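These notes concern the structure reproduced below.
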2 protein chains.
Amino acid sequence: MSKYAIAIHGGAGTILKSKMTAEKEEEYKTALSEALMIGENILKDKGTAIDAVEAAVRSLEDCHLFNAGKGSVFNSKGGHEMDASIMEGKMKNAGAVATVTGVKNPITLARKVMEKSDHVFLVGEGVEEFARLHNLEFVDNDYFYDEFRFNQWQEIKDSDSFQLDHSDEKKEQKFGTVGAVALDMEGNLAAATSTGGMTNKKFGRIGDSSIIGAGTYANNDTCAISCTGSGEFFIRNVVAYDVSCLMEFKGMSLADASDEVINKRLLEINGDGGLIAVDANGNVALPFNTEGMYRAYAKSNGESAVEIYGDKK
Amino acid sequence: MSKYAIAIHGGAGTILKSKMTAEKEEEYKTALSEALMIGENILKDKGTAIDAVEAAVRSLEDCHLFNAGKGSVFNSKGGHEMDASIMEGKMKNAGAVATVTGVKNPITLARKVMEKSDHVFLVGEGVEEFARLHNLEFVDNDYFYDEFRFNQWQEIKDSDSFQLDHSDEKKEQKFGTVGAVALDMEGNLAAATSTGGMTNKKFGRIGDSSIIGAGTYANNDTCAISCTGSGEFFIRNVVAYDVSCLMEFKGMSLADASDEVINKRLLEINGDGGLIAVDANGNVALPFNTEGMYRAYAKSNGESAVEIYGDKK
């Protein structure tokens with residue numbers, strides 16, 4: 001019998017129940033449920049994994065709560081530079097974009113790069129040219145305005161500081177990179193990740209979200225992965241592909257491989273964050289080594305959950 | 001006894017002896033020998049692997065023959081956008097830059113990112129700001145002018161074509177991405193890669209050269225790798241890290257792992273190119289699945305070679 005499975009995340013970090021109001025928690029859970037449902041409905045209707053992950057991530061990009069698309073943080077110049085990537089596991093085709101400005105849904109742009117160009121990775125002004133050529137939806141800078149984000153930036157904009165959206169203990173940092181992974185009924189896997197990066201980021205900094213192998217990876221023979229956390233560590237450890245390699249070369253299960261990568265190998269270099277993963281059998285893993293990770297999943301057997309906190313809550 | 005080893009490359013591709021003049025061949029071999037010697041002397045004097053790979057790559061960047069630094073190809077706008085990355089194997093620190101313009105030695109900029117920033121990957125105008133802050137040497141656009149490169153570009157600039165520096169059969173494409181890998185007497189590994197990308201490239205296209213895990217990787221427990229070839233395929237297959245994973249998770253030798261990745265796994269997705277690799281025991285591997293690869297290596301046991309063609313010559 002054909003199975004499907006989908007998992008999504010809205011970022012990992014210092015997310016403590018003690019600092020959350022019931023309303024805020026509800027708002028997050030509603031947003032996660034909605035994105036999950038959009039993705040799941042596609043899979044239920046025999047749609048493709050790549051359509052499901054794109055649609056789920058678009059939904060999260062359109063929500064101001066997460067640091068991607070509409071909710072993207074401010075960079076050091078008061079602008080919004082977004083990164084995204086997408087990969088499908090059958091042919092291992094991929095598309096990635098970085099330092100994109102003005103595009104409403106960077107994940108859709110990443111998919112266009114995958115499907116309509118000979119390239120995998122486009123950045124900067126060049127990718128905007130490509131986006132216009134392919135009629136991507138552009139929005140004004142105002143679209144990305146969010147009072148909370150703006151205040152976050154105001155506090156540090158004249159300093160050399162930058163901050164991960166989820167790593168500042170002083171303020172409630174409940175935002176984060178978003179992502180989705182899915183298995184469709186044809187047995188195809190796909191993964192997608194999208195982010196606004198770090199508040200007050202400078203110098204055209206790119207994290208792992210747009211790096212195939214680091215933040216995003218999909219291979220029908222192993223798994224589909226989307227990561228979130230301190231991007232630099234995820235790049236140095238090639239985290240997403242690491243999970244796939246442990247499965248392919250060591251024969252580990254999805255759960256064991258994901259756990260090894262996040263709770264052992266990443267911690268060895270003091271990297272914090274988490275990932276969502278799905279394999280060709282419809283197993284789902286959602287490990288993180290932080291206090292919490294906005295996450296949700298659903299499977300064709302009816303199993304599903306929407307969660308925020310971890311054991312450390 | 002302490003061993004050292006170093007290997008360098010100047011690109012892989014359609015390099016046929018039948019199309020090469022004796023003078024041209026001599027010119028390439030001299031340039032490769034010089035870069036190799038510069039790197040080897042550092043290792044002989046008990047210098048570090050990271051210093052050796054940076055110096056060797058700088059030497060190749062300063063030579064007009066290779067597609068990196070001075071010899072960088074023209075992009076669709078008649079400019080030169082360069083990508084580079086560097087990684088050291090002890091702490092697995094890394095630095096990468098992409099779409100850099102005007103900087104004489106992008107590999108040195110990548111090293112500055114590794115050592116002087118909290119980030120791994122910087123791109124575009126932002127990275128130039130960072131370069132000025134750290135007093136990197138800038139050069140005029142004229143510095144990058146090369147008649148051969150210019151003519152390459154003129155032939156295709158009004159088309160939608162772009163070309164890999166090494167993949168056009170019609171013209172003699174003897175140029176290429178450059179890279180170096182080294183083991184120093186302390187047992188530390190390092191890898192570095194630098195490129196001007198593809199002639200007539202558009203849309204801020206980035207290949208694998210600046211992607212940690214794809215074009216460059218170093219880990220003292222396994223190997224140091226620098227790749228060259230059709231970047232999109234190297235990104236999708238996470239080639240550099242793939243070699244490391246085959247060694248770490250399957251216990252393969254450097255030679256077997258490198259061969260498996262280039263001559264089997266990369267070919268499965270029709271990817272062409274090669275890589276240079278060194279492990280902690282001073283073994284060197286230089287596999288490629290193209291007609292040739294500009295390459296050279298030297299070991300503390302006196303073994304060394306400077307080569308261009310492959311079996312298909």
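The way I read the labels, and the way they are meant: chains A, B, ... in the order of the structure tokens, residue 1 as the first residue of every chain, and ligand 1 as the first ligand shown, with later ones counted on from there.
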Q) Residues at most 9 Å from region 264-268 of chain A, counting only C-alpha atoms, excluding those fewer than 2 positions away in the same chain, as a list in words? A) Phe233, Phe234, Asn237, Val239, Asp259, Glu260, Val261, Ile262, Asn270, Gly271, Asp272, Gly273 and Asn289 of chain A
Q: Just the residues within 7 Å of region 30-39 of chain B, please, counting only C-alpha atoms, with nothing from its chain fewer than 5 positions along; format it as a list in words.
A: Ile8, Ala52, Val53, Ala55, Ala56, Ser59, Leu60, Ala296, Tyr297 and Val306 of chain B
Please produce an output containing all heavy atoms for each residue in the selection, written as a PDB file, in the first residue's frame.
ATOM      1  N   ILE B   8      48.029  19.735  -6.245  1.00  0.00           N
ATOM      2  CA  ILE B   8      47.338  20.915  -6.784  1.00  0.00           C
ATOM      3  C   ILE B   8      46.643  20.544  -8.097  1.00  0.00           C
ATOM      4  O   ILE B   8      46.996  19.561  -8.735  1.00  0.00           O
ATOM      5  CB  ILE B   8      48.303  22.095  -7.047  1.00  0.00           C
ATOM      6  CG1 ILE B   8      49.356  21.707  -8.103  1.00  0.00           C
ATOM      7  CG2 ILE B   8      48.990  22.542  -5.762  1.00  0.00           C
ATOM      8  CD1 ILE B   8      50.207  22.884  -8.587  1.00  0.00           C
ATOM      9  N   ALA B  52      50.210  26.377   3.184  1.00  0.00           N
ATOM     10  CA  ALA B  52      50.669  25.783   1.923  1.00  0.00           C
ATOM     11  C   ALA B  52      49.585  25.828   0.848  1.00  0.00           C
ATOM     12  O   ALA B  52      49.860  26.199  -0.297  1.00  0.00           O
ATOM     13  CB  ALA B  52      51.118  24.344   2.159  1.00  0.00           C
ATOM     14  N   VAL B  53      48.357  25.466   1.204  1.00  0.00           N
ATOM     15  CA  VAL B  53      47.304  25.464   0.175  1.00  0.00           C
ATOM     16  C   VAL B  53      46.944  26.883  -0.250  1.00  0.00           C
ATOM     17  O   VAL B  53      46.697  27.150  -1.428  1.00  0.00           O
ATOM     18  CB  VAL B  53      46.023  24.672   0.583  1.00  0.00           C
ATOM     19  CG1 VAL B  53      46.347  23.189   0.784  1.00  0.00           C
ATOM     20  CG2 VAL B  53      45.341  25.249   1.819  1.00  0.00           C
ATOM     21  N   ALA B  55      48.987  29.484  -0.298  1.00  0.00           N
ATOM     22  CA  ALA B  55      50.081  29.997  -1.130  1.00  0.00           C
ATOM     23  C   ALA B  55      50.080  29.362  -2.521  1.00  0.00           C
ATOM     24  O   ALA B  55      50.294  30.042  -3.532  1.00  0.00           O
ATOM     25  CB  ALA B  55      51.417  29.755  -0.438  1.00  0.00           C
ATOM     26  N   ALA B  56      49.844  28.065  -2.579  1.00  0.00           N
ATOM     27  CA  ALA B  56      49.817  27.385  -3.881  1.00  0.00           C
ATOM     28  C   ALA B  56      48.675  27.919  -4.742  1.00  0.00           C
ATOM     29  O   ALA B  56      48.846  28.188  -5.938  1.00  0.00           O
ATOM     30  CB  ALA B  56      49.668  25.879  -3.684  1.00  0.00           C
ATOM     31  N   SER B  59      49.363  31.385  -6.089  1.00  0.00           N
ATOM     32  CA  SER B  59      50.263  31.323  -7.239  1.00  0.00           C
ATOM     33  C   SER B  59      49.480  30.999  -8.521  1.00  0.00           C
ATOM     34  O   SER B  59      49.701  31.601  -9.573  1.00  0.00           O
ATOM     35  CB  SER B  59      51.342  30.262  -6.973  1.00  0.00           C
ATOM     36  OG  SER B  59      52.104  30.033  -8.133  1.00  0.00           O
ATOM     37  N   LEU B  60      48.531  30.079  -8.426  1.00  0.00           N
ATOM     38  CA  LEU B  60      47.708  29.721  -9.590  1.00  0.00           C
ATOM     39  C   LEU B  60      46.739  30.851  -9.941  1.00  0.00           C
ATOM     40  O   LEU B  60      46.466  31.110 -11.114  1.00  0.00           O
ATOM     41  CB  LEU B  60      46.951  28.412  -9.315  1.00  0.00           C
ATOM     42  CG  LEU B  60      47.848  27.176  -9.146  1.00  0.00           C
ATOM     43  CD1 LEU B  60      47.056  26.009  -8.542  1.00  0.00           C
ATOM     44  CD2 LEU B  60      48.484  26.759 -10.473  1.00  0.00           C
ATOM     45  N   ALA B 296      49.442  18.235 -10.197  1.00  0.00           N
ATOM     46  CA  ALA B 296      50.810  17.989  -9.741  1.00  0.00           C
ATOM     47  C   ALA B 296      50.762  17.616  -8.272  1.00  0.00           C
ATOM     48  O   ALA B 296      49.822  17.974  -7.558  1.00  0.00           O
ATOM     49  CB  ALA B 296      51.652  19.251  -9.928  1.00  0.00           C
ATOM     50  N   TYR B 297      51.758  16.852  -7.829  1.00  0.00           N
ATOM     51  CA  TYR B 297      51.831  16.544  -6.403  1.00  0.00           C
ATOM     52  C   TYR B 297      53.277  16.311  -5.994  1.00  0.00           C
ATOM     53  O   TYR B 297      54.145  16.042  -6.834  1.00  0.00           O
ATOM     54  CB  TYR B 297      50.975  15.327  -6.059  1.00  0.00           C
ATOM     55  CG  TYR B 297      51.547  14.004  -6.505  1.00  0.00           C
ATOM     56  CD1 TYR B 297      52.337  13.242  -5.640  1.00  0.00           C
ATOM     57  CD2 TYR B 297      51.323  13.520  -7.788  1.00  0.00           C
ATOM     58  CE1 TYR B 297      52.880  12.022  -6.050  1.00  0.00           C
ATOM     59  CE2 TYR B 297      51.861  12.314  -8.207  1.00  0.00           C
ATOM     60  CZ  TYR B 297      52.634  11.568  -7.339  1.00  0.00           C
ATOM     61  OH  TYR B 297      53.172  10.384  -7.749  1.00  0.00           O
ATOM     62  N   VAL B 306      54.174  16.139 -12.365  1.00  0.00           N
ATOM     63  CA  VAL B 306      53.376  17.226 -12.939  1.00  0.00           C
ATOM     64  C   VAL B 306      52.766  16.646 -14.211  1.00  0.00           C
ATOM     65  O   VAL B 306      53.494  16.242 -15.114  1.00  0.00           O
ATOM     66  CB  VAL B 306      54.263  18.446 -13.287  1.00  0.00           C
ATOM     67  CG1 VAL B 306      53.403  19.547 -13.907  1.00  0.00           C
ATOM     68  CG2 VAL B 306      54.981  18.963 -12.046  1.00  0.00           C
TER      69      VAL B 306
END
Each chain B residue no farther than 8 Å from chain A, nearest pair in Å, only C-alpha atoms, as a tab-separated table:
residue	atom	partner	partner_atom	distance
B:Met91	CA	A:Ile269	CA	7.9
B:Lys92	CA	A:Arg236	CA	6.4
B:Asn93	CA	A:Arg236	CA	6.8
B:Ala94	CA	A:Arg236	CA	6.6
B:His119	CA	A:Glu232	CA	6.1
B:Val120	CA	A:Glu232	CA	5.6
B:Phe121	CA	A:Ile206	CA	5.4
B:Leu122	CA	A:Arg205	CA	4.4
B:Val123	CA	A:Gly204	CA	4.9
B:Gly124	CA	A:Gly204	CA	6.2
B:Glu125	CA	A:Gly204	CA	6.9
B:Gly126	CA	A:Phe203	CA	3.4
B:Val127	CA	A:Phe203	CA	4.9
B:Glu128	CA	A:Phe203	CA	7.6
B:Glu129	CA	A:Phe203	CA	6.4
B:Phe130	CA	A:Phe203	CA	6.0
B:Lys202	CA	A:Gly126	CA	6.6
B:Phe203	CA	A:Gly126	CA	3.4
B:Gly204	CA	A:Gly126	CA	4.3
B:Arg205	CA	A:Leu122	CA	4.4
B:Ile206	CA	A:Phe121	CA	5.4
B:Gly207	CA	A:Phe121	CA	7.0
B:Ile211	CA	A:Ile211	CA	7.5
B:Ile212	CA	A:Ile235	CA	6.6
B:Gly213	CA	A:Val238	CA	6.0
B:Ala214	CA	A:Gly213	CA	7.9
B:Glu232	CA	A:Val120	CA	5.6
B:Ile235	CA	A:Ile212	CA	6.6
B:Arg236	CA	A:Lys92	CA	6.4
B:Asn237	CA	A:Lys92	CA	8.0
B:Val238	CA	A:Gly213	CA	6.0
B:Tyr241	CA	A:Val238	CA	7.5
B:Asp242	CA	A:Cys245	CA	7.8
B:Cys245	CA	A:Cys245	CA	6.6
B:Leu246	CA	A:Phe249	CA	6.9
B:Phe249	CA	A:Phe249	CA	5.8
B:Lys250	CA	A:Phe249	CA	5.9
B:Ile269	CA	A:Met91	CA	7.9
Dump as a PDB file, in the first residue's frame, selection limited to C-alpha atoms:
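Final output, saved to result-v3.pdb:
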ATOM      1  CA  MET B  91      38.875  22.127  13.928  1.00  0.00           C
ATOM      2  CA  LYS B  92      37.013  21.880  10.629  1.00  0.00           C
ATOM      3  CA  ASN B  93      36.955  25.648  10.302  1.00  0.00           C
ATOM      4  CA  ALA B  94      36.092  26.999   6.884  1.00  0.00           C
ATOM      5  CA  HIS B 119      30.740  33.381   9.428  1.00  0.00           C
ATOM      6  CA  VAL B 120      31.669  30.740   6.891  1.00  0.00           C
ATOM      7  CA  PHE B 121      30.151  32.064   3.682  1.00  0.00           C
ATOM      8  CA  LEU B 122      29.951  35.651   2.417  1.00  0.00           C
ATOM      9  CA  VAL B 123      28.822  36.767  -1.041  1.00  0.00           C
ATOM     10  CA  GLY B 124      28.405  39.732  -3.371  1.00  0.00           C
ATOM     11  CA  GLU B 125      28.831  43.352  -2.408  1.00  0.00           C
ATOM     12  CA  GLY B 126      28.858  42.420   1.242  1.00  0.00           C
ATOM     13  CA  VAL B 127      32.004  40.370   0.919  1.00  0.00           C
ATOM     14  CA  GLU B 128      33.741  43.271  -0.861  1.00  0.00           C
ATOM     15  CA  GLU B 129      32.901  45.487   2.101  1.00  0.00           C
ATOM     16  CA  PHE B 130      34.458  42.816   4.323  1.00  0.00           C
ATOM     17  CA  LYS B 202      24.464  34.945 -15.673  1.00  0.00           C
ATOM     18  CA  PHE B 203      22.148  35.460 -12.772  1.00  0.00           C
ATOM     19  CA  GLY B 204      24.853  35.320 -10.098  1.00  0.00           C
ATOM     20  CA  ARG B 205      25.498  31.621 -10.750  1.00  0.00           C
ATOM     21  CA  ILE B 206      27.660  29.878  -8.161  1.00  0.00           C
ATOM     22  CA  GLY B 207      29.307  26.509  -8.786  1.00  0.00           C
ATOM     23  CA  ILE B 211      30.591  25.301  -1.372  1.00  0.00           C
ATOM     24  CA  ILE B 212      32.034  23.509   1.641  1.00  0.00           C
ATOM     25  CA  GLY B 213      31.242  19.817   1.184  1.00  0.00           C
ATOM     26  CA  ALA B 214      30.814  20.092  -2.581  1.00  0.00           C
ATOM     27  CA  GLU B 232      26.162  21.761 -10.577  1.00  0.00           C
ATOM     28  CA  ILE B 235      26.869  20.318  -5.625  1.00  0.00           C
ATOM     29  CA  ARG B 236      24.069  17.780  -6.141  1.00  0.00           C
ATOM     30  CA  ASN B 237      26.399  14.892  -5.226  1.00  0.00           C
ATOM     31  CA  VAL B 238      28.149  16.737  -2.368  1.00  0.00           C
ATOM     32  CA  TYR B 241      32.325  15.318   1.562  1.00  0.00           C
ATOM     33  CA  ASP B 242      31.269  12.118  -0.183  1.00  0.00           C
ATOM     34  CA  CYS B 245      32.170   9.790   4.228  1.00  0.00           C
ATOM     35  CA  LEU B 246      33.216   6.727   2.242  1.00  0.00           C
ATOM     36  CA  PHE B 249      31.773   5.273   7.365  1.00  0.00           C
ATOM     37  CA  LYS B 250      32.859   2.495   5.012  1.00  0.00           C
ATOM     38  CA  ILE B 269      24.388  11.631 -12.851  1.00  0.00           C
TER      39      ILE B 269
END
Q: Pull the strand (DSSP E or B) assignments for region 58-122 of chain A out of DSSP run on the backbone, and list those residues as a list in words.
A: Met82, Asp83, Ala84, Ser85, Ile86, Met87, Glu88, Ala94, Gly95, Ala96, Val97, Ala98, Thr99, Val100, Val103, Phe121 and Leu122 of chain A
Could those selected residues go to a file with N, CA, C and O atoms, as a PDB file, in the first residue's frame?
ATOM      1  N   MET A  82      17.026  37.023   1.707  1.00  0.00           N
ATOM      2  CA  MET A  82      16.504  35.691   1.997  1.00  0.00           C
ATOM      3  C   MET A  82      17.248  34.596   1.225  1.00  0.00           C
ATOM      4  O   MET A  82      17.726  34.828   0.116  1.00  0.00           O
ATOM      5  N   ASP A  83      17.333  33.433   1.831  1.00  0.00           N
ATOM      6  CA  ASP A  83      17.995  32.270   1.229  1.00  0.00           C
ATOM      7  C   ASP A  83      17.002  31.106   1.227  1.00  0.00           C
ATOM      8  O   ASP A  83      16.229  30.951   2.176  1.00  0.00           O
ATOM      9  N   ALA A  84      17.071  30.280   0.216  1.00  0.00           N
ATOM     10  CA  ALA A  84      16.196  29.097   0.175  1.00  0.00           C
ATOM     11  C   ALA A  84      16.786  28.033  -0.733  1.00  0.00           C
ATOM     12  O   ALA A  84      17.589  28.336  -1.619  1.00  0.00           O
ATOM     13  N   SER A  85      16.398  26.796  -0.504  1.00  0.00           N
ATOM     14  CA  SER A  85      16.813  25.721  -1.404  1.00  0.00           C
ATOM     15  C   SER A  85      15.801  24.589  -1.395  1.00  0.00           C
ATOM     16  O   SER A  85      15.027  24.430  -0.441  1.00  0.00           O
ATOM     17  N   ILE A  86      15.817  23.833  -2.466  1.00  0.00           N
ATOM     18  CA  ILE A  86      14.860  22.738  -2.631  1.00  0.00           C
ATOM     19  C   ILE A  86      15.554  21.607  -3.387  1.00  0.00           C
ATOM     20  O   ILE A  86      16.426  21.862  -4.216  1.00  0.00           O
ATOM     21  N   MET A  87      15.191  20.358  -3.071  1.00  0.00           N
ATOM     22  CA  MET A  87      15.822  19.229  -3.757  1.00  0.00           C
ATOM     23  C   MET A  87      14.836  18.076  -3.841  1.00  0.00           C
ATOM     24  O   MET A  87      14.052  17.852  -2.916  1.00  0.00           O
ATOM     25  N   GLU A  88      14.875  17.372  -4.974  1.00  0.00           N
ATOM     26  CA  GLU A  88      14.007  16.195  -5.120  1.00  0.00           C
ATOM     27  C   GLU A  88      14.888  14.955  -5.182  1.00  0.00           C
ATOM     28  O   GLU A  88      15.990  14.997  -5.719  1.00  0.00           O
ATOM     29  N   ALA A  94      18.298  19.894  -7.879  1.00  0.00           N
ATOM     30  CA  ALA A  94      18.220  20.855  -6.785  1.00  0.00           C
ATOM     31  C   ALA A  94      18.244  22.275  -7.307  1.00  0.00           C
ATOM     32  O   ALA A  94      18.750  22.547  -8.401  1.00  0.00           O
ATOM     33  N   GLY A  95      17.687  23.185  -6.513  1.00  0.00           N
ATOM     34  CA  GLY A  95      17.737  24.611  -6.822  1.00  0.00           C
ATOM     35  C   GLY A  95      17.953  25.379  -5.537  1.00  0.00           C
ATOM     36  O   GLY A  95      17.420  24.995  -4.492  1.00  0.00           O
ATOM     37  N   ALA A  96      18.748  26.451  -5.618  1.00  0.00           N
ATOM     38  CA  ALA A  96      19.045  27.222  -4.413  1.00  0.00           C
ATOM     39  C   ALA A  96      19.231  28.686  -4.771  1.00  0.00           C
ATOM     40  O   ALA A  96      19.718  29.008  -5.860  1.00  0.00           O
ATOM     41  N   VAL A  97      18.820  29.557  -3.862  1.00  0.00           N
ATOM     42  CA  VAL A  97      18.986  31.005  -4.060  1.00  0.00           C
ATOM     43  C   VAL A  97      19.451  31.621  -2.743  1.00  0.00           C
ATOM     44  O   VAL A  97      19.132  31.125  -1.671  1.00  0.00           O
ATOM     45  N   ALA A  98      20.235  32.698  -2.851  1.00  0.00           N
ATOM     46  CA  ALA A  98      20.689  33.363  -1.626  1.00  0.00           C
ATOM     47  C   ALA A  98      20.757  34.872  -1.815  1.00  0.00           C
ATOM     48  O   ALA A  98      20.886  35.354  -2.940  1.00  0.00           O
ATOM     49  N   THR A  99      20.661  35.588  -0.705  1.00  0.00           N
ATOM     50  CA  THR A  99      20.640  37.057  -0.647  1.00  0.00           C
ATOM     51  C   THR A  99      19.610  37.620  -1.637  1.00  0.00           C
ATOM     52  O   THR A  99      19.866  38.607  -2.315  1.00  0.00           O
ATOM     53  N   VAL A 100      18.458  37.001  -1.669  1.00  0.00           N
ATOM     54  CA  VAL A 100      17.355  37.456  -2.525  1.00  0.00           C
ATOM     55  C   VAL A 100      16.598  38.573  -1.821  1.00  0.00           C
ATOM     56  O   VAL A 100      16.298  38.464  -0.634  1.00  0.00           O
ATOM     57  N   VAL A 103      11.482  39.245  -3.305  1.00  0.00           N
ATOM     58  CA  VAL A 103      10.673  38.136  -3.832  1.00  0.00           C
ATOM     59  C   VAL A 103       9.787  37.588  -2.710  1.00  0.00           C
ATOM     60  O   VAL A 103      10.270  37.319  -1.607  1.00  0.00           O
ATOM     61  N   PHE A 121      22.569  26.986  -8.191  1.00  0.00           N
ATOM     62  CA  PHE A 121      22.676  28.003  -7.150  1.00  0.00           C
ATOM     63  C   PHE A 121      22.862  29.387  -7.757  1.00  0.00           C
ATOM     64  O   PHE A 121      23.862  29.653  -8.425  1.00  0.00           O
ATOM     65  N   LEU A 122      21.910  30.276  -7.519  1.00  0.00           N
ATOM     66  CA  LEU A 122      22.004  31.655  -7.998  1.00  0.00           C
ATOM     67  C   LEU A 122      21.905  32.614  -6.819  1.00  0.00           C
ATOM     68  O   LEU A 122      21.132  32.378  -5.896  1.00  0.00           O
TER      69      LEU A 122
END
Q: Please identify which residues in region 22-228 of chain B DSSP calls alpha helix (DSSP H) from the backbone, and express them as number ranges by chain.
A: B: 22-44, 49-61, 106-116, 124-133, 147-156
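CA of Glu186 (chain A) sits 29.3 Å away from CA of Lys29 (chain A).
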Q: Write out as a ChimeraX atom specification which residues come within 7 Å of region 274-288 of chain A when counting only C-alpha atoms, dropping same-chain ones fewer than 6 positions away.
A: /A:3-5,7-9,12,181-183,187,189,220,222-229,254-255,258-259,262
So which residues touch Phe138 (chain A) within 9 Å, counting only C-alpha atoms, skipping near sequence neighbours fewer than 3 positions away, as a compact mmCIF listing (two decimals) with N, CA and C atoms, in the first residue's frame?
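What landed in selection_37.txt:
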# COMPACT_ATOMS: atom_id res chain seq x y z
N THR A 101 16.26 39.64 -2.55
CA THR A 101 15.43 40.68 -1.95
C THR A 101 14.18 40.88 -2.79
N GLY A 102 13.09 41.18 -2.10
CA GLY A 102 11.87 41.58 -2.80
C GLY A 102 11.00 40.46 -3.33
N VAL A 103 11.48 39.25 -3.31
CA VAL A 103 10.67 38.14 -3.83
C VAL A 103 9.79 37.59 -2.71
N LYS A 104 8.50 37.46 -2.98
CA LYS A 104 7.56 37.04 -1.93
C LYS A 104 7.84 35.64 -1.43
N ASN A 105 8.09 34.72 -2.34
CA ASN A 105 8.31 33.32 -1.94
C ASN A 105 9.63 32.76 -2.49
N ALA A 131 14.48 35.95 -11.48
CA ALA A 131 13.12 35.92 -10.91
C ALA A 131 12.16 36.74 -11.76
N ARG A 132 12.61 37.90 -12.24
CA ARG A 132 11.73 38.73 -13.07
C ARG A 132 11.44 38.05 -14.40
N ASN A 135 8.77 35.64 -13.96
CA ASN A 135 7.51 36.16 -13.41
C ASN A 135 7.22 35.78 -11.97
Q | Two-atom distance - CA of Glu81 (chain B), CA of Gly196 (chain B) (Å) | A | 6.0 Å
